[in-house]
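Peer 1: Sending over final-v1.cif (mmCIF, C-alpha atoms).
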data_upload
#
loop_
_atom_site.group_PDB
_atom_site.id
_atom_site.type_symbol
_atom_site.label_atom_id
_atom_site.label_comp_id
_atom_site.auth_asym_id
_atom_site.auth_seq_id
_atom_site.Cartn_x
_atom_site.Cartn_y
_atom_site.Cartn_z
ATOM 1 C CA MET A 1 -125.734 130.179 -274.319
ATOM 2 C CA SER A 2 -125.709 126.582 -275.634
ATOM 3 C CA THR A 3 -122.571 124.514 -275.196
ATOM 4 C CA ALA A 4 -121.979 124.313 -278.961
ATOM 5 C CA ARG A 5 -122.421 128.057 -279.410
ATOM 6 C CA GLY A 6 -120.222 128.789 -276.431
ATOM 7 C CA GLU A 7 -117.464 126.589 -277.840
ATOM 8 C CA ARG A 8 -117.829 128.366 -281.202
ATOM 9 C CA ARG A 9 -117.418 131.760 -279.538
ATOM 10 C CA LEU A 10 -114.286 130.559 -277.719
ATOM 11 C CA ARG A 11 -112.820 129.214 -280.949
ATOM 12 C CA LEU A 12 -113.480 132.483 -282.753
ATOM 13 C CA ALA A 13 -112.027 134.507 -279.878
ATOM 14 C CA ALA A 14 -108.841 132.413 -279.891
ATOM 15 C CA SER A 15 -108.397 132.844 -283.647
ATOM 16 C CA ARG A 16 -108.977 136.613 -283.422
ATOM 17 C CA ASP A 17 -106.298 136.934 -280.767
ATOM 18 C CA LEU A 18 -103.708 136.076 -283.441
ATOM 19 C CA LEU A 19 -104.135 139.443 -285.112
ATOM 20 C CA TYR A 20 -103.799 141.243 -281.769
ATOM 21 C CA LYS A 21 -100.215 139.990 -281.499
ATOM 22 C CA LEU A 22 -99.035 141.906 -284.574
ATOM 23 C CA PRO A 23 -97.513 145.363 -284.031
ATOM 24 C CA LEU A 24 -99.692 148.438 -284.489
ATOM 25 C CA GLY A 25 -98.462 151.654 -286.053
ATOM 26 C CA GLU A 26 -95.252 150.192 -287.473
ATOM 27 C CA LEU A 27 -94.392 150.763 -291.138
ATOM 28 C CA PHE A 28 -93.672 147.716 -293.308
ATOM 29 C CA GLU A 29 -92.057 147.543 -296.713
ATOM 30 C CA LEU A 30 -93.535 145.573 -299.606
ATOM 31 C CA PRO A 31 -90.755 144.081 -301.753
ATOM 32 C CA GLY A 32 -91.091 145.197 -305.355
ATOM 33 C CA ARG A 33 -93.291 148.162 -304.306
ATOM 34 C CA PRO A 34 -90.778 150.914 -303.471
ATOM 35 C CA HIS A 35 -93.362 153.706 -303.598
ATOM 36 C CA VAL A 36 -95.548 152.506 -300.698
ATOM 37 C CA VAL A 37 -95.497 151.148 -297.154
ATOM 38 C CA TYR A 38 -98.255 149.513 -295.150
ATOM 39 C CA GLN A 39 -99.392 149.782 -291.555
ATOM 40 C CA ILE A 40 -101.847 148.065 -289.195
ATOM 41 C CA ARG A 41 -104.030 150.411 -287.149
ATOM 42 C CA SER A 42 -106.571 149.920 -284.394
ATOM 43 C CA TYR A 43 -109.531 152.136 -283.554
ATOM 44 C CA ALA A 44 -111.005 149.700 -281.060
ATOM 45 C CA SER A 45 -112.452 151.546 -278.090
ATOM 46 C CA THR A 46 -114.305 150.509 -274.974
ATOM 47 C CA ASP A 47 -114.309 153.979 -273.408
ATOM 48 C CA ASN A 48 -115.496 156.390 -276.083
ATOM 49 C CA GLN A 49 -116.744 154.814 -279.288
ATOM 50 C CA GLU A 50 -117.797 158.163 -280.734
ATOM 51 C CA GLU A 51 -114.257 159.558 -280.536
ATOM 52 C CA ALA A 52 -112.838 156.357 -282.020
ATOM 53 C CA VAL A 53 -115.272 156.561 -284.941
ATOM 54 C CA LEU A 54 -114.390 160.215 -285.565
ATOM 55 C CA ALA A 55 -110.671 159.385 -285.553
ATOM 56 C CA ALA A 56 -111.166 156.617 -288.119
ATOM 57 C CA ARG A 57 -113.399 158.779 -290.295
ATOM 58 C CA ASN A 58 -110.772 161.515 -290.236
ATOM 59 C CA ASP A 59 -107.892 159.152 -291.093
ATOM 60 C CA VAL A 60 -109.559 157.119 -293.864
ATOM 61 C CA PRO A 61 -112.643 159.086 -294.995
ATOM 62 C CA PHE A 62 -112.649 157.396 -298.407
ATOM 63 C CA LEU A 63 -113.319 154.007 -296.770
ATOM 64 C CA PHE A 64 -116.619 155.318 -295.411
ATOM 65 C CA LYS A 65 -117.498 157.410 -298.461
ATOM 66 C CA ALA A 66 -117.126 154.435 -300.802
ATOM 67 C CA PHE A 67 -119.944 152.550 -299.063
ATOM 68 C CA GLU A 68 -122.127 155.301 -297.588
ATOM 69 C CA THR A 69 -122.647 157.474 -300.670
ATOM 70 C CA GLY A 70 -126.288 157.306 -301.710
ATOM 71 C CA GLN A 71 -127.312 155.202 -298.697
ATOM 72 C CA ILE A 72 -129.827 156.154 -296.016
ATOM 73 C CA GLY A 73 -128.132 157.194 -292.774
ATOM 74 C CA PRO A 74 -129.096 155.991 -289.273
ATOM 75 C CA LYS A 75 -130.904 159.215 -288.249
ATOM 76 C CA ARG A 76 -133.131 159.227 -291.305
ATOM 77 C CA MET A 77 -133.698 155.486 -291.017
ATOM 78 C CA ALA A 78 -134.769 155.861 -287.368
ATOM 79 C CA LYS A 79 -137.125 158.681 -288.322
ATOM 80 C CA MET A 80 -138.660 156.611 -291.111
ATOM 81 C CA HIS A 81 -139.370 153.788 -288.643
ATOM 82 C CA GLY A 82 -140.679 156.059 -285.924
ATOM 83 C CA GLY A 83 -138.306 154.708 -283.290
ATOM 84 C CA LYS A 84 -139.358 151.097 -283.891
ATOM 85 C CA PRO A 85 -136.814 148.271 -284.337
ATOM 86 C CA ARG A 86 -135.095 148.484 -287.723
ATOM 87 C CA MET A 87 -132.250 147.064 -289.766
ATOM 88 C CA ALA A 88 -128.810 148.563 -289.184
ATOM 89 C CA THR A 89 -127.497 150.914 -291.859
ATOM 90 C CA ILE A 90 -124.195 150.574 -293.707
ATOM 91 C CA HIS A 91 -122.984 153.597 -291.705
ATOM 92 C CA GLU A 92 -123.473 151.672 -288.467
ATOM 93 C CA TYR A 93 -121.878 148.523 -289.859
ATOM 94 C CA LEU A 94 -118.783 150.541 -290.761
ATOM 95 C CA ASP A 95 -118.632 152.287 -287.383
ATOM 96 C CA TRP A 96 -118.984 149.003 -285.486
ATOM 97 C CA THR A 97 -116.413 147.270 -287.699
ATOM 98 C CA VAL A 98 -113.640 149.881 -287.514
ATOM 99 C CA THR A 99 -114.063 150.230 -283.740
ATOM 100 C CA ALA A 100 -114.255 146.432 -283.255
ATOM 101 C CA GLN A 101 -117.432 146.458 -281.166
ATOM 102 C CA GLU A 102 -117.822 143.080 -279.474
ATOM 103 C CA ALA A 103 -121.233 141.488 -278.974
ATOM 104 C CA GLN A 104 -122.601 141.667 -275.454
ATOM 105 C CA GLU A 105 -125.528 139.295 -275.998
ATOM 106 C CA ASP A 106 -125.961 136.038 -277.927
ATOM 107 C CA ASP A 107 -128.315 137.615 -280.489
ATOM 108 C CA GLU A 108 -126.100 140.655 -281.197
ATOM 109 C CA LEU A 109 -123.866 141.075 -284.201
ATOM 110 C CA ASP A 110 -120.218 140.635 -283.241
ATOM 111 C CA PHE A 111 -117.647 143.031 -284.711
ATOM 112 C CA GLY A 112 -114.855 142.261 -282.272
ATOM 113 C CA GLY A 113 -111.326 141.631 -283.489
ATOM 114 C CA PHE A 114 -111.092 144.035 -286.413
ATOM 115 C CA ARG A 115 -108.032 146.035 -287.412
ATOM 116 C CA ILE A 116 -107.486 148.400 -290.334
ATOM 117 C CA VAL A 117 -104.682 147.928 -292.854
ATOM 118 C CA VAL A 118 -103.636 151.068 -294.721
ATOM 119 C CA VAL A 119 -101.289 151.690 -297.626
ATOM 120 C CA LEU A 120 -99.384 154.968 -297.498
ATOM 121 C CA PRO A 121 -96.996 156.700 -299.919
ATOM 122 C CA ARG A 122 -93.384 156.113 -298.997
ATOM 123 C CA TYR A 123 -91.057 159.066 -298.591
ATOM 124 C CA VAL A 124 -87.445 158.743 -299.746
ATOM 125 C CA SER A 125 -85.263 161.844 -299.915
ATOM 126 C CA HIS A 126 -83.417 162.056 -303.218
ATOM 127 C CA TRP A 127 -81.020 164.644 -301.824
ATOM 128 C CA PRO A 128 -80.073 163.381 -298.341
ATOM 129 C CA TYR A 129 -77.309 165.043 -296.406
ATOM 130 C CA PRO A 130 -74.672 162.893 -294.642
ATOM 131 C CA GLY A 131 -75.959 161.387 -291.395
ATOM 132 C CA SER A 132 -79.589 162.330 -292.005
ATOM 133 C CA LEU A 133 -82.438 159.955 -291.145
ATOM 134 C CA SER A 134 -83.024 159.638 -294.861
ATOM 135 C CA ASN A 135 -79.562 158.074 -295.209
ATOM 136 C CA ARG A 136 -79.694 155.334 -292.552
ATOM 137 C CA GLU A 137 -80.654 151.707 -292.541
ATOM 138 C CA GLY A 138 -83.850 150.864 -290.680
ATOM 139 C CA LYS A 139 -84.752 147.807 -288.606
ATOM 140 C CA ARG A 140 -87.141 144.948 -289.178
ATOM 141 C CA THR A 141 -89.865 145.229 -286.540
ATOM 142 C CA HIS A 142 -91.317 141.753 -287.152
ATOM 143 C CA PRO A 143 -89.439 138.677 -288.428
ATOM 144 C CA ASP A 144 -92.282 137.512 -290.687
ATOM 145 C CA MET A 145 -93.629 140.814 -292.028
ATOM 146 C CA GLY A 146 -92.380 143.197 -294.667
ATOM 147 C CA ALA A 147 -89.371 142.840 -296.941
ATOM 148 C CA PRO A 148 -86.797 140.099 -296.227
ATOM 149 C CA LEU A 149 -84.011 142.587 -295.382
ATOM 150 C CA PRO A 150 -83.941 145.733 -293.233
ATOM 151 C CA PRO A 151 -85.151 148.784 -295.189
ATOM 152 C CA TYR A 152 -82.616 151.210 -296.577
ATOM 153 C CA PRO A 153 -83.183 154.015 -295.947
ATOM 154 C CA LEU A 154 -85.413 153.600 -292.902
ATOM 155 C CA LEU A 155 -89.110 153.694 -293.664
ATOM 156 C CA GLN A 156 -90.817 157.068 -293.693
ATOM 157 C CA THR A 157 -94.124 158.231 -295.097
ATOM 158 C CA HIS A 158 -95.726 161.474 -296.087
ATOM 159 C CA GLY A 159 -99.334 162.197 -296.787
ATOM 160 C CA ARG A 160 -102.391 160.223 -295.782
ATOM 161 C CA PRO A 161 -103.507 156.655 -296.529
ATOM 162 C CA VAL A 162 -104.415 156.004 -300.152
ATOM 163 C CA SER A 163 -106.025 152.575 -299.696
ATOM 164 C CA ALA A 164 -107.505 150.787 -296.677
ATOM 165 C CA ALA A 165 -109.285 147.615 -295.612
ATOM 166 C CA THR A 166 -110.810 146.181 -292.454
ATOM 167 C CA ILE A 167 -109.468 142.739 -291.534
ATOM 168 C CA ARG A 168 -110.189 140.159 -288.845
ATOM 169 C CA SER A 169 -108.586 136.765 -288.282
ATOM 170 C CA GLY A 170 -110.749 133.680 -288.054
ATOM 171 C CA PRO A 171 -110.128 129.923 -287.893
ATOM 172 C CA GLY A 172 -107.964 129.460 -290.991
ATOM 173 C CA TYR A 173 -108.792 132.708 -292.754
ATOM 174 C CA LEU A 174 -108.566 136.492 -292.751
ATOM 175 C CA GLU A 175 -111.913 138.239 -293.198
ATOM 176 C CA ILE A 176 -112.054 141.392 -295.372
ATOM 177 C CA PRO A 177 -115.531 142.982 -295.361
ATOM 178 C CA PHE A 178 -114.609 146.535 -296.429
ATOM 179 C CA VAL A 179 -111.978 147.676 -298.944
ATOM 180 C CA ALA A 180 -111.587 151.061 -300.626
ATOM 181 C CA THR A 181 -109.058 153.268 -302.389
ATOM 182 C CA HIS A 182 -109.098 157.060 -302.306
ATOM 183 C CA GLU A 183 -111.216 158.263 -305.224
ATOM 184 C CA GLY A 184 -108.336 160.390 -306.537
ATOM 185 C CA LYS A 185 -105.847 157.493 -306.435
ATOM 186 C CA ARG A 186 -107.754 154.734 -308.196
ATOM 187 C CA GLY A 187 -106.385 152.909 -311.199
ATOM 188 C CA ARG A 188 -102.777 153.180 -309.989
ATOM 189 C CA GLY A 189 -102.325 149.750 -308.415
ATOM 190 C CA TYR A 190 -102.775 150.777 -304.771
ATOM 191 C CA CYS A 191 -105.469 148.154 -304.160
ATOM 192 C CA ARG A 192 -103.116 145.470 -305.461
ATOM 193 C CA CYS A 193 -100.500 146.724 -302.984
ATOM 194 C CA LEU A 194 -103.137 146.543 -300.239
ATOM 195 C CA ILE A 195 -104.001 142.922 -301.073
ATOM 196 C CA GLU A 196 -100.283 142.070 -301.086
ATOM 197 C CA ALA A 197 -99.998 143.663 -297.635
ATOM 198 C CA ILE A 198 -102.948 141.617 -296.358
ATOM 199 C CA GLU A 199 -101.384 138.448 -297.761
ATOM 200 C CA ASP A 200 -98.147 139.372 -295.994
ATOM 201 C CA ILE A 201 -100.107 139.626 -292.735
ATOM 202 C CA ALA A 202 -101.849 136.311 -293.429
ATOM 203 C CA ARG A 203 -98.516 134.551 -293.975
ATOM 204 C CA ALA A 204 -97.212 136.009 -290.701
ATOM 205 C CA LEU A 205 -100.240 134.470 -288.971
ATOM 206 C CA ALA A 206 -99.957 131.187 -290.920
ATOM 207 C CA VAL A 207 -103.485 131.781 -292.244
ATOM 208 C CA PRO A 208 -104.021 130.116 -295.653
ATOM 209 C CA LYS A 209 -107.124 131.890 -296.938
ATOM 210 C CA LEU A 210 -108.651 135.354 -297.475
ATOM 211 C CA MET A 211 -112.435 135.775 -297.296
ATOM 212 C CA LEU A 212 -113.674 138.879 -299.116
ATOM 213 C CA CYS A 213 -117.133 140.442 -299.205
ATOM 214 C CA SER A 214 -117.661 141.962 -302.678
ATOM 215 C CA THR A 215 -120.464 144.151 -303.944
ATOM 216 C CA ASN A 216 -122.685 142.606 -306.610
ATOM 217 C CA ASP A 217 -121.210 144.683 -309.402
ATOM 218 C CA ALA A 218 -119.822 142.986 -312.509
ATOM 219 C CA VAL A 219 -116.850 145.348 -312.822
ATOM 220 C CA VAL A 220 -115.976 145.053 -309.122
ATOM 221 C CA LYS A 221 -116.216 141.264 -309.151
ATOM 222 C CA SER A 222 -114.070 141.126 -312.279
ATOM 223 C CA THR A 223 -111.460 143.301 -310.540
ATOM 224 C CA TRP A 224 -111.351 140.989 -307.541
ATOM 225 C CA HIS A 225 -111.025 137.974 -309.820
ATOM 226 C CA HIS A 226 -108.102 139.684 -311.546
ATOM 227 C CA LEU A 227 -106.506 140.066 -308.095
ATOM 228 C CA GLY A 228 -106.807 136.336 -307.449
ATOM 229 C CA PHE A 229 -110.228 135.921 -305.811
ATOM 230 C CA ASP A 230 -112.834 133.301 -306.763
ATOM 231 C CA PHE A 231 -116.525 133.066 -305.986
ATOM 232 C CA THR A 232 -117.304 131.026 -302.872
ATOM 233 C CA SER A 233 -120.108 128.477 -302.997
ATOM 234 C CA GLU A 234 -122.279 127.458 -300.084
ATOM 235 C CA GLU A 235 -120.756 123.984 -300.332
ATOM 236 C CA GLU A 236 -117.273 125.446 -299.898
ATOM 237 C CA MET A 237 -118.375 127.521 -296.910
ATOM 238 C CA GLU A 238 -119.798 124.379 -295.303
ATOM 239 C CA HIS A 239 -116.686 122.350 -296.143
ATOM 240 C CA TRP A 240 -114.443 124.984 -294.543
ATOM 241 C CA ASP A 241 -116.797 125.238 -291.547
ATOM 242 C CA ILE A 242 -117.323 128.991 -292.016
ATOM 243 C CA PRO A 243 -120.958 129.889 -291.294
ATOM 244 C CA HIS A 244 -122.122 133.296 -292.479
ATOM 245 C CA SER A 245 -122.815 134.194 -288.858
ATOM 246 C CA ASP A 246 -119.050 134.185 -288.222
ATOM 247 C CA LEU A 247 -118.537 136.914 -290.841
ATOM 248 C CA VAL A 248 -119.752 140.454 -291.390
ATOM 249 C CA TYR A 249 -122.286 139.532 -294.048
ATOM 250 C CA LEU A 250 -123.992 142.343 -295.983
ATOM 251 C CA GLN A 251 -127.034 142.320 -298.241
ATOM 252 C CA ASN A 252 -126.512 142.413 -302.022
ATOM 253 C CA THR A 253 -122.951 141.140 -301.732
ATOM 254 C CA THR A 254 -121.025 138.123 -302.979
ATOM 255 C CA GLN A 255 -118.632 136.087 -300.891
ATOM 256 C CA MET A 256 -115.253 135.522 -302.545
ATOM 257 C CA HIS A 257 -112.046 133.866 -301.401
ATOM 258 C CA LYS A 258 -108.372 133.627 -302.274
ATOM 259 C CA ASP A 259 -105.726 131.124 -301.268
ATOM 260 C CA VAL A 260 -102.790 133.037 -299.832
ATOM 261 C CA ALA A 261 -99.896 132.817 -302.260
ATOM 262 C CA PRO A 262 -96.410 131.879 -301.051
ATOM 263 C CA PRO A 263 -94.019 134.816 -300.794
ATOM 264 C CA GLY A 264 -92.407 135.902 -304.034
ATOM 265 C CA GLN A 265 -88.728 135.323 -304.713
ATOM 266 C CA TYR A 266 -86.820 138.604 -304.767
ATOM 267 C CA ARG A 267 -83.264 139.746 -305.271
ATOM 268 C CA SER A 268 -82.212 142.867 -303.391
ATOM 269 C CA ILE A 269 -80.330 145.648 -305.159
ATOM 270 C CA ILE A 270 -78.605 148.675 -303.648
ATOM 271 C CA ILE A 271 -78.798 151.819 -305.776
ATOM 272 C CA LYS A 272 -76.215 154.507 -305.004
ATOM 273 C CA GLN A 273 -75.697 158.014 -306.295
ATOM 274 C CA GLY A 274 -73.596 160.316 -304.140
ATOM 275 C CA GLU A 275 -75.185 160.385 -300.670
ATOM 276 C CA TYR A 276 -78.334 158.824 -302.098
ATOM 277 C CA LYS A 277 -78.657 155.117 -301.304
ATOM 278 C CA VAL A 278 -81.708 152.896 -301.425
ATOM 279 C CA ARG A 279 -82.380 149.154 -301.271
ATOM 280 C CA THR A 280 -84.950 147.869 -303.716
ATOM 281 C CA TYR A 281 -86.079 144.451 -304.908
ATOM 282 C CA ILE A 282 -86.513 142.684 -308.230
ATOM 283 C CA ARG A 283 -88.789 139.673 -308.451
ATOM 284 C CA TYR A 284 -87.305 136.753 -310.355
ATOM 285 C CA ASP A 285 -90.034 134.125 -310.030
ATOM 286 C CA LYS A 286 -93.162 134.350 -312.169
ATOM 287 C CA PRO A 287 -96.273 135.593 -310.325
ATOM 288 C CA LEU A 288 -99.507 133.724 -310.866
ATOM 289 C CA THR A 289 -101.808 135.061 -313.575
ATOM 290 C CA ARG A 290 -105.565 134.705 -313.763
ATOM 291 C CA PRO A 291 -107.804 134.128 -316.807
ATOM 292 C CA ARG A 292 -110.397 136.801 -317.515
ATOM 293 C CA LEU A 293 -113.603 136.250 -315.557
ATOM 294 C CA HIS A 294 -116.648 135.569 -317.709
ATOM 295 C CA ILE A 295 -119.862 136.972 -316.296
ATOM 296 C CA PRO A 296 -122.942 135.975 -318.338
ATOM 297 C CA PRO A 297 -125.143 138.902 -319.407
ATOM 298 C CA LYS A 298 -128.331 139.541 -317.485
ATOM 299 C CA LYS A 299 -131.529 138.297 -319.048
ATOM 300 C CA ALA A 300 -133.790 141.019 -320.409
#
Starting from the coordinates I provided, produce the structure as structure tokens.
Peer 2:
Amino acid sequence: MSTARGERRLRLAASRDLLYKLPLGELFELPGRPHVVYQIRSYASTDNQEEAVLAARNDVPFLFKAFETGQIGPKRMAKMHGGKPRMATIHEYLDWTVTAQEAQEDDELDFGGFRIVVVLPRYVSHWPYPGSLSNREGKRTHPDMGAPLPPYPLLQTHGRPVSAATIRSGPGYLEIPFVATHEGKRGRGYCRCLIEAIEDIARALAVPKLMLCSTNDAVVKSTWHHLGFDFTSEEEMEHWDIPHSDLVYLQNTTQMHKDVAPPGQYRSIIIKQGEYKVRTYIRYDKPLTRPRLHIPPKKA
């Protein structure tokens, strides 16, 4: 390995260690979003990658389905090439990403450092009995993540994740190659909650930028623009010193970015009714709005 490349690898490894320091499996509250919580999960495995992949596919099947539907799988691709060297399939990219497979050789793709962020429905009992878990104040598990005050009642969830993304920290950015919402839960704002959760993580890491890999679909790109992302030029990538080789870069995709917004200004409110008690938040500063993205029509 050349000296320059070796130094690059060390720099990337140091930046990816930041994400490792955040707690796994803990539930975090999003102020102003009382119906959801978010959680960081890891499926990284050095012992049994197959089991780790199966666990991830069982927990967030929609994340895989969103990208694999209609695509050629690895077995068919291998058969088509007769065992000869071939390009990796999207199925393999997803498996390597969610299990954070690190490169062993200089010419291998490096998927080390990834975690999964999930948004889950929050459970709050509307008929708690005195002294129940649903009638107690929780604790903040990280000083820079989640709502500004301890949750009340303590955070609980029911059901399975409704939205998920793979994230990895880099020098000055969080990388987001895969994002998906459950097909039965789309159009309800869960992806916006997911992006807010990722921004919350970025602020905890003091990372100023999100780097998103978007499919080349006009509707999808317009959605990301509405959520605060802009197209990233090659000049900007060079200026920020982010080569494509540092990212999970897919064919037929567009690189987009977003500057991480400062935290919103919220006022906490306690709502009481009998034994029922819950802390919620009202935002009093004005969130940033984005103009509609104009995408020129394709030439005939």
Peer 1: On this structure, the PyMOL selection byres ((chain A and resi 261) around 9) would catch which residues? List them as a ChimeraX atom specification, sorted by chain and number.
Peer 2: /A:199,203,208,258-260,262-264,288
Peer 1: Extract, using all atoms listed in the file, all DNA, RNA and protein residues at most 10 Å from Thr232 in chain A, discarding same-chain residues fewer than 3 positions from it, and format them as an MDAnalysis selection string.
Peer 2: chainID A and resid 211:212 229 235:237 254:258
Peer 1: Rank A:Leu22, A:Ile116, A:Ile269, A:Leu250 by their smallest atom-to-atom distance to Met87 in chain A, using all atoms listed in the file, and report the top residue only.
Peer 2: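 Looking at the shortest contact to Met87 in chain A, the residue is A:Leu250.
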Peer 1: Rank A:Asp217, A:Asp230, A:Glu196, A:Asp285 by their smallest atom-to-atom distance to Val119 in chain A, using all atoms listed in the file, and report the top residue only.
Peer 2: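 Checking each of A:Asp217, A:Asp230, A:Glu196, A:Asp285 against Val119 in chain A, counting all atoms listed in the file, the winner is A:Glu196.
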Peer 1: I need the residue set behind the PyMOL selection byres ((chain A and resi 63) around 12) for this file; please write it as a PyMOL selection string.
Peer 2: chain A and resi 56-62+64-69+90-91+94-95+97-98+116-118+161-166+177-183
Peer 1: Can you write just those residues out, C-alpha atoms, as a PDB file, in the coordinates of the input?
Peer 2:
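Okay, this is what ended up in selection_35.pdb:
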ATOM      1  CA  ALA A  56    -111.166 156.617-288.119  1.00  0.00           C
ATOM      2  CA  ARG A  57    -113.399 158.779-290.295  1.00  0.00           C
ATOM      3  CA  ASN A  58    -110.772 161.515-290.236  1.00  0.00           C
ATOM      4  CA  ASP A  59    -107.892 159.152-291.093  1.00  0.00           C
ATOM      5  CA  VAL A  60    -109.559 157.119-293.864  1.00  0.00           C
ATOM      6  CA  PRO A  61    -112.643 159.086-294.995  1.00  0.00           C
ATOM      7  CA  PHE A  62    -112.649 157.396-298.407  1.00  0.00           C
ATOM      8  CA  PHE A  64    -116.619 155.318-295.411  1.00  0.00           C
ATOM      9  CA  LYS A  65    -117.498 157.410-298.461  1.00  0.00           C
ATOM     10  CA  ALA A  66    -117.126 154.435-300.802  1.00  0.00           C
ATOM     11  CA  PHE A  67    -119.944 152.550-299.063  1.00  0.00           C
ATOM     12  CA  GLU A  68    -122.127 155.301-297.588  1.00  0.00           C
ATOM     13  CA  THR A  69    -122.647 157.474-300.670  1.00  0.00           C
ATOM     14  CA  ILE A  90    -124.195 150.574-293.707  1.00  0.00           C
ATOM     15  CA  HIS A  91    -122.984 153.597-291.705  1.00  0.00           C
ATOM     16  CA  LEU A  94    -118.783 150.541-290.761  1.00  0.00           C
ATOM     17  CA  ASP A  95    -118.632 152.287-287.383  1.00  0.00           C
ATOM     18  CA  THR A  97    -116.413 147.270-287.699  1.00  0.00           C
ATOM     19  CA  VAL A  98    -113.640 149.881-287.514  1.00  0.00           C
ATOM     20  CA  ILE A 116    -107.486 148.400-290.334  1.00  0.00           C
ATOM     21  CA  VAL A 117    -104.682 147.928-292.854  1.00  0.00           C
ATOM     22  CA  VAL A 118    -103.636 151.068-294.721  1.00  0.00           C
ATOM     23  CA  PRO A 161    -103.507 156.655-296.529  1.00  0.00           C
ATOM     24  CA  VAL A 162    -104.415 156.004-300.152  1.00  0.00           C
ATOM     25  CA  SER A 163    -106.025 152.575-299.696  1.00  0.00           C
ATOM     26  CA  ALA A 164    -107.505 150.787-296.677  1.00  0.00           C
ATOM     27  CA  ALA A 165    -109.285 147.615-295.612  1.00  0.00           C
ATOM     28  CA  THR A 166    -110.810 146.181-292.454  1.00  0.00           C
ATOM     29  CA  PRO A 177    -115.531 142.982-295.361  1.00  0.00           C
ATOM     30  CA  PHE A 178    -114.609 146.535-296.429  1.00  0.00           C
ATOM     31  CA  VAL A 179    -111.978 147.676-298.944  1.00  0.00           C
ATOM     32  CA  ALA A 180    -111.587 151.061-300.626  1.00  0.00           C
ATOM     33  CA  THR A 181    -109.058 153.268-302.389  1.00  0.00           C
ATOM     34  CA  HIS A 182    -109.098 157.060-302.306  1.00  0.00           C
ATOM     35  CA  GLU A 183    -111.216 158.263-305.224  1.00  0.00           C
TER      36      GLU A 183
END
Peer 1: Pick out the closest residue to Gly170 in chain A from this set: A:Leu154, A:Leu30, A:Ala206, A:Ile40. Count all atoms listed in the file.
Peer 2: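 That would be A:Ala206, the residue with the smallest distance to Gly170 in chain A.
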Peer 1: I'd like the residues picked by the PyMOL selection byres ((chain A and resi 128) around 12) written out as a short mmCIF file (atom, residue, chain, number, x, y, z; two decimals) with C-alpha atoms, in the coordinates of the input, using the chain letters and numbers from the file.
Peer 2:
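Output file part31.cif is given in full below:
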data_model
loop_
_atom_site.label_atom_id
_atom_site.label_comp_id
_atom_site.auth_asym_id
_atom_site.auth_seq_id
_atom_site.Cartn_x
_atom_site.Cartn_y
_atom_site.Cartn_z
CA TYR A 123 -91.06 159.07 -298.59
CA VAL A 124 -87.44 158.74 -299.75
CA SER A 125 -85.26 161.84 -299.92
CA HIS A 126 -83.42 162.06 -303.22
CA TRP A 127 -81.02 164.64 -301.82
CA TYR A 129 -77.31 165.04 -296.41
CA PRO A 130 -74.67 162.89 -294.64
CA GLY A 131 -75.96 161.39 -291.40
CA SER A 132 -79.59 162.33 -292.00
CA LEU A 133 -82.44 159.96 -291.14
CA SER A 134 -83.02 159.64 -294.86
CA ASN A 135 -79.56 158.07 -295.21
CA ARG A 136 -79.69 155.33 -292.55
CA PRO A 153 -83.18 154.01 -295.95
CA LYS A 272 -76.22 154.51 -305.00
CA GLN A 273 -75.70 158.01 -306.30
CA GLY A 274 -73.60 160.32 -304.14
CA GLU A 275 -75.18 160.38 -300.67
CA TYR A 276 -78.33 158.82 -302.10
CA LYS A 277 -78.66 155.12 -301.30
CA VAL A 278 -81.71 152.90 -301.42
#
Peer 1: Restricting the calculation to all atoms listed in the file, which member of A:Ile167, A:Ala100, A:Leu155, A:Val219 is positioned closest to Gly112 in chain A?
Peer 2: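 Smallest distance to Gly112 in chain A is found for A:Ala100.
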Peer 1: Between CA of Arg192 in chain A and CA of Thr223 in chain A, what is the distance in Å, rounded to a tenth?
Peer 2: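 Atom-to-atom, CA of Arg192 in chain A and CA of Thr223 in chain A are spaced 10.0 Å apart.
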Peer 1: CA of Ala202 in chain A and CA of Gly146 in chain A are how many Å apart?
Peer 2: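 According to the coordinates, CA of Ala202 in chain A and CA of Gly146 in chain A are separated by 11.8 Å.
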Peer 1: CA of Leu19 in chain A and CA of Arg41 in chain A, how far apart in Å?
Peer 2: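 If I compute the distance from CA of Arg41 in chain A to CA of Leu19 in chain A, I get 11.2 Å.
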Peer 1: Using only C-alpha atoms for the distances, tell me which of A:Arg122, A:Lys21, A:Arg267, A:Arg8 is nearest to Ser169 in chain A.
Peer 2: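 The shortest atom-to-atom distance to Ser169 in chain A comes from A:Lys21.
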Peer 1: So, counting all atoms listed in the file, which residue among A:Asp17, A:Glu29, A:Asp200, A:Glu175 is closest to Cys213 in chain A?
Peer 2: A:Glu175
Peer 1: Name the residues in contact with Arg76 in chain A at a cut-off of 12 Å, using all atoms listed in the file, excluding same-chain residues fewer than 6 positions from it; report them as a list in words.
Peer 2: Gly82, Gly83, Arg86, Ala88, Thr89 and His91 of chain A
Peer 1: List as a PyMOL selection string: which residues have an atom within 10 Å of (-120.3, 138.1, -290.6), counting only C-alpha atoms?
Peer 2: chain A and resi 109-111+175+177+213+242-250
